[in-house]
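With PDB, C-alpha atoms and all ligand atoms inside, this is model_21.pdb:
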```pdb
MODEL        1
ATOM      1  CA  MET A 271      65.817 153.554 -78.951  1.00  0.00           C
ATOM      2  CA  TYR A 272      68.276 154.909 -76.403  1.00  0.00           C
ATOM      3  CA  ILE A 273      70.014 158.213 -77.169  1.00  0.00           C
ATOM      4  CA  ALA A 274      72.714 159.655 -74.916  1.00  0.00           C
ATOM      5  CA  PHE A 275      73.842 163.274 -74.821  1.00  0.00           C
ATOM      6  CA  GLU A 276      77.466 163.770 -73.956  1.00  0.00           C
ATOM      7  CA  GLY A 277      80.027 166.549 -73.733  1.00  0.00           C
ATOM      8  CA  ILE A 278      81.992 168.723 -71.341  1.00  0.00           C
ATOM      9  CA  ASP A 279      80.328 170.853 -68.642  1.00  0.00           C
ATOM     10  CA  ASN A 280      77.931 173.509 -69.999  1.00  0.00           C
ATOM     11  CA  CYS A 281      78.042 172.240 -73.586  1.00  0.00           C
ATOM     12  CA  GLY A 282      74.228 172.476 -73.729  1.00  0.00           C
ATOM     13  CA  LYS A 283      73.063 168.941 -72.933  1.00  0.00           C
ATOM     14  CA  SER A 284      70.167 169.903 -70.645  1.00  0.00           C
ATOM     15  CA  THR A 285      69.046 172.647 -73.037  1.00  0.00           C
ATOM     16  CA  GLN A 286      68.978 170.333 -76.053  1.00  0.00           C
ATOM     17  CA  ILE A 287      67.418 167.433 -74.158  1.00  0.00           C
ATOM     18  CA  LYS A 288      64.514 169.652 -73.136  1.00  0.00           C
ATOM     19  CA  LEU A 289      63.956 170.770 -76.758  1.00  0.00           C
ATOM     20  CA  LEU A 290      64.188 167.227 -78.116  1.00  0.00           C
ATOM     21  CA  TYR A 291      62.005 165.683 -75.411  1.00  0.00           C
ATOM     22  CA  ASN A 292      59.260 168.277 -76.017  1.00  0.00           C
ATOM     23  CA  TYR A 293      59.546 167.865 -79.773  1.00  0.00           C
ATOM     24  CA  PHE A 294      58.999 164.105 -79.630  1.00  0.00           C
ATOM     25  CA  LYS A 295      56.301 164.340 -76.954  1.00  0.00           C
ATOM     26  CA  ASN A 296      54.297 166.902 -78.927  1.00  0.00           C
ATOM     27  CA  ASN A 297      54.808 165.612 -82.459  1.00  0.00           C
ATOM     28  CA  THR A 298      54.929 161.845 -82.299  1.00  0.00           C
ATOM     29  CA  GLU A 299      53.161 158.854 -80.805  1.00  0.00           C
ATOM     30  CA  LEU A 300      56.408 157.553 -79.378  1.00  0.00           C
ATOM     31  CA  LYS A 301      56.743 156.576 -75.763  1.00  0.00           C
ATOM     32  CA  VAL A 302      59.369 159.126 -74.696  1.00  0.00           C
ATOM     33  CA  GLY A 303      61.394 158.858 -71.493  1.00  0.00           C
ATOM     34  CA  LYS A 304      64.284 160.651 -69.865  1.00  0.00           C
ATOM     35  CA  ILE A 305      67.076 159.625 -67.522  1.00  0.00           C
ATOM     36  CA  LYS A 306      70.110 161.441 -66.181  1.00  0.00           C
ATOM     37  CA  GLU A 307      73.375 160.667 -64.487  1.00  0.00           C
ATOM     38  CA  PRO A 308      73.783 160.683 -61.603  1.00  0.00           C
ATOM     39  CA  SER A 309      70.255 159.292 -61.216  1.00  0.00           C
ATOM     40  CA  ASN A 310      67.677 160.155 -58.554  1.00  0.00           C
ATOM     41  CA  SER A 311      68.448 156.912 -56.723  1.00  0.00           C
ATOM     42  CA  SER A 312      70.041 156.961 -53.277  1.00  0.00           C
ATOM     43  CA  ILE A 313      73.362 156.076 -54.918  1.00  0.00           C
ATOM     44  CA  GLY A 314      72.949 159.018 -57.326  1.00  0.00           C
ATOM     45  CA  LYS A 315      72.250 161.401 -54.456  1.00  0.00           C
ATOM     46  CA  PHE A 316      75.239 160.086 -52.556  1.00  0.00           C
ATOM     47  CA  ILE A 317      77.471 160.685 -55.617  1.00  0.00           C
ATOM     48  CA  LEU A 318      76.460 164.362 -55.731  1.00  0.00           C
ATOM     49  CA  GLU A 319      77.369 164.787 -52.053  1.00  0.00           C
ATOM     50  CA  PHE A 320      80.581 162.819 -52.452  1.00  0.00           C
ATOM     51  CA  LEU A 321      81.745 164.916 -55.435  1.00  0.00           C
ATOM     52  CA  LYS A 322      81.287 168.120 -53.432  1.00  0.00           C
ATOM     53  CA  SER A 323      83.667 166.949 -50.716  1.00  0.00           C
ATOM     54  CA  ASP A 324      87.433 167.454 -50.842  1.00  0.00           C
ATOM     55  CA  GLU A 325      87.734 163.724 -50.220  1.00  0.00           C
ATOM     56  CA  ALA A 326      86.685 163.040 -53.805  1.00  0.00           C
ATOM     57  CA  LEU A 327      89.971 164.503 -55.077  1.00  0.00           C
ATOM     58  CA  SER A 328      92.348 161.830 -53.783  1.00  0.00           C
ATOM     59  CA  ASP A 329      93.395 159.038 -56.155  1.00  0.00           C
ATOM     60  CA  THR A 330      91.712 156.307 -54.103  1.00  0.00           C
ATOM     61  CA  ASN A 331      88.501 158.243 -53.934  1.00  0.00           C
ATOM     62  CA  LYS A 332      88.555 158.773 -57.686  1.00  0.00           C
ATOM     63  CA  GLU A 333      88.464 154.989 -57.982  1.00  0.00           C
ATOM     64  CA  ILE A 334      85.525 154.991 -55.577  1.00  0.00           C
ATOM     65  CA  THR A 335      83.798 157.608 -57.764  1.00  0.00           C
ATOM     66  CA  SER A 336      84.120 155.309 -60.789  1.00  0.00           C
ATOM     67  CA  LEU A 337      82.632 152.420 -58.806  1.00  0.00           C
ATOM     68  CA  LEU A 338      79.756 154.559 -57.531  1.00  0.00           C
ATOM     69  CA  PHE A 339      78.862 155.778 -61.020  1.00  0.00           C
ATOM     70  CA  SER A 340      78.778 152.253 -62.415  1.00  0.00           C
ATOM     71  CA  ALA A 341      76.613 151.105 -59.474  1.00  0.00           C
ATOM     72  CA  ASP A 342      74.275 154.051 -60.032  1.00  0.00           C
ATOM     73  CA  ARG A 343      74.017 153.183 -63.718  1.00  0.00           C
ATOM     74  CA  LEU A 344      72.855 149.691 -62.859  1.00  0.00           C
ATOM     75  CA  THR A 345      69.868 151.212 -61.037  1.00  0.00           C
ATOM     76  CA  GLN A 346      68.664 152.418 -64.456  1.00  0.00           C
ATOM     77  CA  LYS A 347      69.491 149.278 -66.417  1.00  0.00           C
ATOM     78  CA  SER A 348      65.978 147.795 -66.531  1.00  0.00           C
ATOM     79  CA  LYS A 349      64.484 151.103 -67.733  1.00  0.00           C
ATOM     80  CA  ILE A 350      67.130 151.400 -70.466  1.00  0.00           C
ATOM     81  CA  LEU A 351      66.403 147.870 -71.655  1.00  0.00           C
ATOM     82  CA  ARG A 352      62.703 148.647 -71.978  1.00  0.00           C
ATOM     83  CA  TYR A 353      63.511 151.375 -74.516  1.00  0.00           C
ATOM     84  CA  LYS A 354      66.645 150.176 -76.215  1.00  0.00           C
ATOM     85  CA  ASN A 355      66.432 148.848 -79.767  1.00  0.00           C
ATOM     86  CA  ASN A 356      62.710 149.552 -79.844  1.00  0.00           C
ATOM     87  CA  PRO A 357      61.685 152.009 -82.600  1.00  0.00           C
ATOM     88  CA  ASP A 358      58.417 152.828 -80.770  1.00  0.00           C
ATOM     89  CA  ASN A 359      60.195 153.918 -77.606  1.00  0.00           C
ATOM     90  CA  LEU A 360      62.664 156.738 -77.157  1.00  0.00           C
ATOM     91  CA  LEU A 361      64.830 157.195 -74.083  1.00  0.00           C
ATOM     92  CA  ILE A 362      66.904 160.372 -73.877  1.00  0.00           C
ATOM     93  CA  SER A 363      69.765 160.261 -71.422  1.00  0.00           C
ATOM     94  CA  ASP A 364      71.749 163.113 -69.925  1.00  0.00           C
ATOM     95  CA  ARG A 365      75.171 161.411 -69.908  1.00  0.00           C
ATOM     96  CA  SER A 366      76.066 157.691 -69.992  1.00  0.00           C
ATOM     97  CA  TYR A 367      78.991 155.383 -69.223  1.00  0.00           C
ATOM     98  CA  ILE A 368      80.888 157.391 -71.880  1.00  0.00           C
ATOM     99  CA  SER A 369      81.098 160.236 -69.336  1.00  0.00           C
ATOM    100  CA  SER A 370      82.886 157.858 -66.980  1.00  0.00           C
ATOM    101  CA  ILE A 371      85.353 156.924 -69.689  1.00  0.00           C
ATOM    102  CA  CYS A 372      86.049 160.547 -70.629  1.00  0.00           C
ATOM    103  CA  TYR A 373      85.957 162.185 -67.180  1.00  0.00           C
ATOM    104  CA  GLN A 374      87.467 159.501 -65.005  1.00  0.00           C
ATOM    105  CA  SER A 375      90.254 158.018 -67.087  1.00  0.00           C
ATOM    106  CA  ASN A 376      93.557 159.753 -66.383  1.00  0.00           C
ATOM    107  CA  ASN A 377      97.173 158.845 -65.616  1.00  0.00           C
ATOM    108  CA  HIS A 378      96.004 156.914 -62.597  1.00  0.00           C
ATOM    109  CA  ILE A 379      92.841 155.164 -63.802  1.00  0.00           C
ATOM    110  CA  ASN A 380      92.899 153.430 -67.161  1.00  0.00           C
ATOM    111  CA  THR A 381      90.049 153.244 -69.639  1.00  0.00           C
ATOM    112  CA  SER A 382      89.924 149.456 -69.777  1.00  0.00           C
ATOM    113  CA  TRP A 383      89.215 149.272 -66.012  1.00  0.00           C
ATOM    114  CA  ILE A 384      86.300 151.692 -66.434  1.00  0.00           C
ATOM    115  CA  GLU A 385      85.047 149.628 -69.383  1.00  0.00           C
ATOM    116  CA  GLN A 386      85.190 146.527 -67.183  1.00  0.00           C
ATOM    117  CA  LEU A 387      83.172 148.233 -64.447  1.00  0.00           C
ATOM    118  CA  ASN A 388      80.513 149.134 -66.981  1.00  0.00           C
ATOM    119  CA  LYS A 389      80.512 145.801 -68.772  1.00  0.00           C
ATOM    120  CA  TYR A 390      76.884 145.013 -67.882  1.00  0.00           C
ATOM    121  CA  ILE A 391      75.515 148.471 -68.668  1.00  0.00           C
ATOM    122  CA  PRO A 392      73.548 148.687 -71.949  1.00  0.00           C
ATOM    123  CA  GLN A 393      75.224 151.002 -74.440  1.00  0.00           C
ATOM    124  CA  PRO A 394      73.390 153.888 -76.148  1.00  0.00           C
ATOM    125  CA  ASP A 395      72.119 153.156 -79.674  1.00  0.00           C
ATOM    126  CA  LEU A 396      73.118 156.682 -80.657  1.00  0.00           C
ATOM    127  CA  THR A 397      75.411 159.173 -78.901  1.00  0.00           C
ATOM    128  CA  LEU A 398      75.320 162.912 -79.553  1.00  0.00           C
ATOM    129  CA  LEU A 399      78.490 164.651 -78.480  1.00  0.00           C
ATOM    130  CA  LEU A 400      77.981 168.395 -78.121  1.00  0.00           C
ATOM    131  CA  ARG A 401      81.275 170.093 -78.784  1.00  0.00           C
ATOM    132  CA  ILE A 402      82.054 173.598 -77.539  1.00  0.00           C
ATOM    133  CA  PRO A 403      85.453 175.222 -76.944  1.00  0.00           C
ATOM    134  CA  VAL A 404      86.739 174.852 -73.374  1.00  0.00           C
ATOM    135  CA  ASP A 405      86.747 178.663 -72.976  1.00  0.00           C
ATOM    136  CA  MET A 406      83.046 178.750 -73.828  1.00  0.00           C
ATOM    137  CA  SER A 407      82.362 176.120 -71.165  1.00  0.00           C
ATOM    138  CA  ILE A 408      84.105 178.316 -68.585  1.00  0.00           C
ATOM    139  CA  GLN A 409      82.302 181.484 -69.776  1.00  0.00           C
ATOM    140  CA  ARG A 410      78.929 179.729 -69.550  1.00  0.00           C
ATOM    141  CA  SER A 411      79.625 178.499 -66.035  1.00  0.00           C
ATOM    142  CA  SER A 412      77.529 180.196 -63.377  1.00  0.00           C
ATOM    143  CA  GLN A 413      80.048 179.334 -60.683  1.00  0.00           C
ATOM    144  CA  ASP A 414      83.115 181.447 -59.889  1.00  0.00           C
ATOM    145  CA  THR A 415      85.345 178.429 -59.667  1.00  0.00           C
ATOM    146  CA  ALA A 416      84.388 175.676 -62.044  1.00  0.00           C
ATOM    147  CA  TYR A 417      84.685 172.211 -60.538  1.00  0.00           C
ATOM    148  CA  GLU A 418      86.799 171.155 -63.494  1.00  0.00           C
ATOM    149  CA  THR A 419      89.752 173.381 -64.234  1.00  0.00           C
ATOM    150  CA  ARG A 420      90.621 174.449 -67.773  1.00  0.00           C
ATOM    151  CA  LYS A 421      93.350 171.786 -67.967  1.00  0.00           C
ATOM    152  CA  GLN A 422      90.956 169.070 -66.850  1.00  0.00           C
ATOM    153  CA  LEU A 423      88.304 170.218 -69.318  1.00  0.00           C
ATOM    154  CA  LYS A 424      90.851 170.026 -72.139  1.00  0.00           C
ATOM    155  CA  ARG A 425      91.772 166.478 -71.141  1.00  0.00           C
ATOM    156  CA  ILE A 426      88.093 165.497 -71.009  1.00  0.00           C
ATOM    157  CA  GLN A 427      87.373 167.154 -74.366  1.00  0.00           C
ATOM    158  CA  ASN A 428      90.285 165.251 -75.957  1.00  0.00           C
ATOM    159  CA  ASN A 429      89.005 162.008 -74.464  1.00  0.00           C
ATOM    160  CA  TYR A 430      85.567 162.688 -75.975  1.00  0.00           C
ATOM    161  CA  LEU A 431      86.997 163.406 -79.427  1.00  0.00           C
ATOM    162  CA  HIS A 432      89.134 160.290 -79.254  1.00  0.00           C
ATOM    163  CA  TYR A 433      86.086 158.255 -78.209  1.00  0.00           C
ATOM    164  CA  ALA A 434      83.978 159.655 -81.065  1.00  0.00           C
ATOM    165  CA  MET A 435      86.675 158.831 -83.633  1.00  0.00           C
ATOM    166  CA  ASN A 436      86.746 155.223 -82.505  1.00  0.00           C
ATOM    167  CA  HIS A 437      83.083 154.363 -82.009  1.00  0.00           C
ATOM    168  CA  ASN A 438      80.179 153.927 -84.363  1.00  0.00           C
ATOM    169  CA  HIS A 439      76.919 155.826 -83.923  1.00  0.00           C
ATOM    170  CA  THR A 440      78.658 158.681 -82.110  1.00  0.00           C
ATOM    171  CA  TYR A 441      78.087 162.052 -83.739  1.00  0.00           C
ATOM    172  CA  ILE A 442      79.864 165.300 -82.947  1.00  0.00           C
ATOM    173  CA  VAL A 443      77.450 168.252 -82.968  1.00  0.00           C
ATOM    174  CA  ASN A 444      78.705 171.843 -83.002  1.00  0.00           C
ATOM    175  CA  GLY A 445      77.341 173.137 -79.691  1.00  0.00           C
ATOM    176  CA  ALA A 446      78.611 176.680 -80.246  1.00  0.00           C
ATOM    177  CA  GLN A 447      75.707 177.584 -82.547  1.00  0.00           C
ATOM    178  CA  ALA A 448      72.298 179.026 -81.695  1.00  0.00           C
ATOM    179  CA  ARG A 449      70.063 176.709 -79.640  1.00  0.00           C
ATOM    180  CA  LYS A 450      67.526 176.284 -82.479  1.00  0.00           C
ATOM    181  CA  THR A 451      70.214 175.500 -85.066  1.00  0.00           C
ATOM    182  CA  ILE A 452      71.675 172.799 -82.836  1.00  0.00           C
ATOM    183  CA  HIS A 453      68.193 171.369 -82.270  1.00  0.00           C
ATOM    184  CA  LYS A 454      67.591 171.189 -86.041  1.00  0.00           C
ATOM    185  CA  ASN A 455      70.954 169.498 -86.597  1.00  0.00           C
ATOM    186  CA  ILE A 456      70.214 166.943 -83.891  1.00  0.00           C
ATOM    187  CA  LYS A 457      66.843 166.111 -85.451  1.00  0.00           C
ATOM    188  CA  LYS A 458      68.561 165.603 -88.819  1.00  0.00           C
ATOM    189  CA  ILE A 459      71.080 163.196 -87.301  1.00  0.00           C
ATOM    190  CA  ILE A 460      68.328 161.200 -85.582  1.00  0.00           C
ATOM    191  CA  LYS A 461      66.295 161.065 -88.785  1.00  0.00           C
ATOM    192  CA  LYS A 462      69.247 159.792 -90.776  1.00  0.00           C
ATOM    193  CA  TYR A 463      70.133 157.261 -88.090  1.00  0.00           C
ATOM    194  CA  THR A 464      66.605 155.871 -87.848  1.00  0.00           C
ATOM    195  CA  GLN A 465      66.252 155.677 -91.635  1.00  0.00           C
ATOM    196  CA  ASN A 466      69.382 153.538 -91.755  1.00  0.00           C
ATOM    197  CA  GLU A 467      68.674 151.455 -88.670  1.00  0.00           C
ATOM    198  CA  TYR A 468      64.944 150.893 -88.888  1.00  0.00           C
ATOM    199  CA  ASN A 469      64.419 151.539 -92.611  1.00  0.00           C
ATOM    200  CA  ASN A 470      61.088 153.191 -91.844  1.00  0.00           C
ATOM    201  CA  GLY A 471      61.521 156.181 -94.174  1.00  0.00           C
ATOM    202  CA  GLY A 472      61.186 158.802 -91.475  1.00  0.00           C
ATOM    203  CA  MET A 473      61.924 160.107 -88.020  1.00  0.00           C
ATOM    204  CA  ILE A 474      61.627 156.912 -85.993  1.00  0.00           C
ATOM    205  CA  ARG A 475      58.011 155.665 -86.308  1.00  0.00           C
ATOM    206  CA  GLN A 476      55.522 158.501 -86.220  1.00  0.00           C
TER     207      GLN A 476
HETATM  208  N1  LIG A 501      73.415 177.224 -77.910  1.00  0.00           N
HETATM  209  C1  LIG A 501      73.601 177.967 -76.829  1.00  0.00           C
HETATM  210  N2  LIG A 501      74.014 179.244 -76.951  1.00  0.00           N
HETATM  211  C2  LIG A 501      74.233 179.995 -75.840  1.00  0.00           C
HETATM  212  N3  LIG A 501      74.062 179.585 -74.575  1.00  0.00           N
HETATM  213  C3  LIG A 501      73.651 178.310 -74.396  1.00  0.00           C
HETATM  214  C4  LIG A 501      73.393 177.448 -75.507  1.00  0.00           C
HETATM  215  N4  LIG A 501      72.990 176.245 -75.021  1.00  0.00           N
HETATM  216  C5  LIG A 501      72.988 176.362 -73.684  1.00  0.00           C
HETATM  217  N5  LIG A 501      73.374 177.610 -73.297  1.00  0.00           N
HETATM  218  C6  LIG A 501      73.505 178.115 -71.914  1.00  0.00           C
HETATM  219  O1  LIG A 501      74.691 177.567 -71.366  1.00  0.00           O
HETATM  220  C7  LIG A 501      74.498 177.164 -70.012  1.00  0.00           C
HETATM  221  C8  LIG A 501      74.749 175.661 -69.886  1.00  0.00           C
HETATM  222  O2  LIG A 501      73.764 174.965 -70.664  1.00  0.00           O
HETATM  223  P1  LIG A 501      73.207 173.551 -70.191  1.00  0.00           P
HETATM  224  O3  LIG A 501      72.819 173.600 -68.764  1.00  0.00           O
HETATM  225  O4  LIG A 501      72.195 173.135 -71.184  1.00  0.00           O
HETATM  226  O5  LIG A 501      74.541 172.688 -70.356  1.00  0.00           O
HETATM  227  P2  LIG A 501      74.845 171.228 -69.790  1.00  0.00           P
HETATM  228  O6  LIG A 501      75.709 170.554 -70.801  1.00  0.00           O
HETATM  229  O7  LIG A 501      73.590 170.557 -69.403  1.00  0.00           O
HETATM  230  O8  LIG A 501      75.719 171.554 -68.485  1.00  0.00           O
HETATM  231  P3  LIG A 501      76.113 170.534 -67.305  1.00  0.00           P
HETATM  232  O9  LIG A 501      77.231 169.669 -67.827  1.00  0.00           O
HETATM  233  O10 LIG A 501      76.612 171.434 -66.224  1.00  0.00           O
HETATM  234  O11 LIG A 501      74.884 169.780 -66.924  1.00  0.00           O
HETATM  235  C9  LIG A 501      73.065 177.571 -69.649  1.00  0.00           C
HETATM  236  O12 LIG A 501      73.104 178.844 -69.055  1.00  0.00           O
HETATM  237  C10 LIG A 501      72.369 177.642 -71.011  1.00  0.00           C
HETATM  238  O13 LIG A 501      71.290 178.530 -71.021  1.00  0.00           O
HETATM  239 MG    MG A 502      72.969 169.685 -67.568  1.00  0.00          MG
ENDMDL
END
```
Go ahead and express the file in the form of structure tokens.
Amino acid sequence: MYIAFEGIDNCGKSTQIKLLYNYFKNNTELKVGKIKEPSNSSIGKFILEFLKSDEALSDTNKEITSLLFSADRLTQKSKILRYKNNPDNLLISDRSYISSICYQSNNHINTSWIEQLNKYIPQPDLTLLLRIPVDMSIQRSSQDTAYETRKQLKRIQNNYLHYAMNHNHTYIVNGAQARKTIHKNIKKIIKKYTQNEYNNGGMIRQ
């Protein structure tokens, strides 16, 4: 099984992934893995450098950013396939191609082009969208100037909500609650999903 965490900056993805990863590692026999985007590959490292530069802000370079992210995703494809659709394996991902759709589509770049670029990327079995207000994202930011401005964050948040409305197996989780409450809610969603999908009467196969 392949689960992706999604949501705007500082919504709590890393925090919840750590809790969930430890929970499954310590309480189940599942083979549990983690991936993140950008990855640790040379393309992933290049993306992080590229995004820091002013160059990344021009329209042409935004197209390049989309291409780089889809190339980086392909570096993780074989690992994803080893876990996906397998109830004995669990892969937890910090972001997925859905981030590309929600962050990179704008007036200049359309969603269908990004979908095309990611056509050969396996899709998550289950997506957990952590939702927090944009103001909370800015308050939680450790940086003085957030990379994404308030206006951009609002656009990205709207794209996420629109995506969730239109796709199956995408759940919106209230990320503005206490860490433990969110963790419990996430476990409930996974339990319900696995009961329906794998009909095994419990939290994946334990
Ligand atoms: N439920 C919560 N309540 C209060 N603070 C939280 C909660 N969850 C996370 N935080 C804090 O908010 C900040 C951002 O959390 P975290 O790094 O998990 O978010 P993220 O979605 O991974 O961010 P990024 O998109 O930058 O990777 C951290 O300082 C974290 O401790
Ligand atoms: Mg994070």
- Message: Report, in Å to a single decimal, how far apart CA of Ile362 (chain A) and CA of Lys301 (chain A) are.
- Response: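 CA of Lys301 (chain A) sits 11.0 Å away from CA of Ile362 (chain A).
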- Item | Chain and number of each residue from the PyMOL selection byres (((chain A and resi 292-297) around 10) and not hetatm), as a PyMOL selection string | chain A and resi 286-291+298-303+360+453+457+473-474+476
- Tell me which of A:His439, A:Lys458, A:Arg449, A:Arg425 sits closest to Ile278 (chain A), counting only C-alpha atoms.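 Checking each of A:His439, A:Lys458, A:Arg449, A:Arg425 against Ile278 (chain A), counting only C-alpha atoms, the winner is A:Arg425.
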- Query: What residues have any atom no more than 8 Å from ligand MG 502 (chain A) when counting only C-alpha atoms and all ligand atoms, and can you list them as JSON, numbers by chain?
  - Reply: {"A": [279, 280, 282, 283, 284, 285, 364]}
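With all atoms listed in the file as the basis for measurement, A:Thr440 is the residue among A:Ser366, A:Met271, A:Pro357, A:Thr440 that approaches Ile459 (chain A) most closely.
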- Could you check which of A:Val404, A:Ala448, A:Ile384, A:Ala434 is closest to ligand LIG 501 (chain A), using all atoms listed in the file?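 Selected residue with least distance to ligand LIG 501 (chain A): A:Ala448.
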- Pick the closest to ligand LIG 501 (chain A) from A:Ile305, A:Thr330, A:Met435, A:Ala446: which is it, counting only C-alpha atoms and all ligand atoms?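 So, comparing all the options, the nearest one is A:Ala446.
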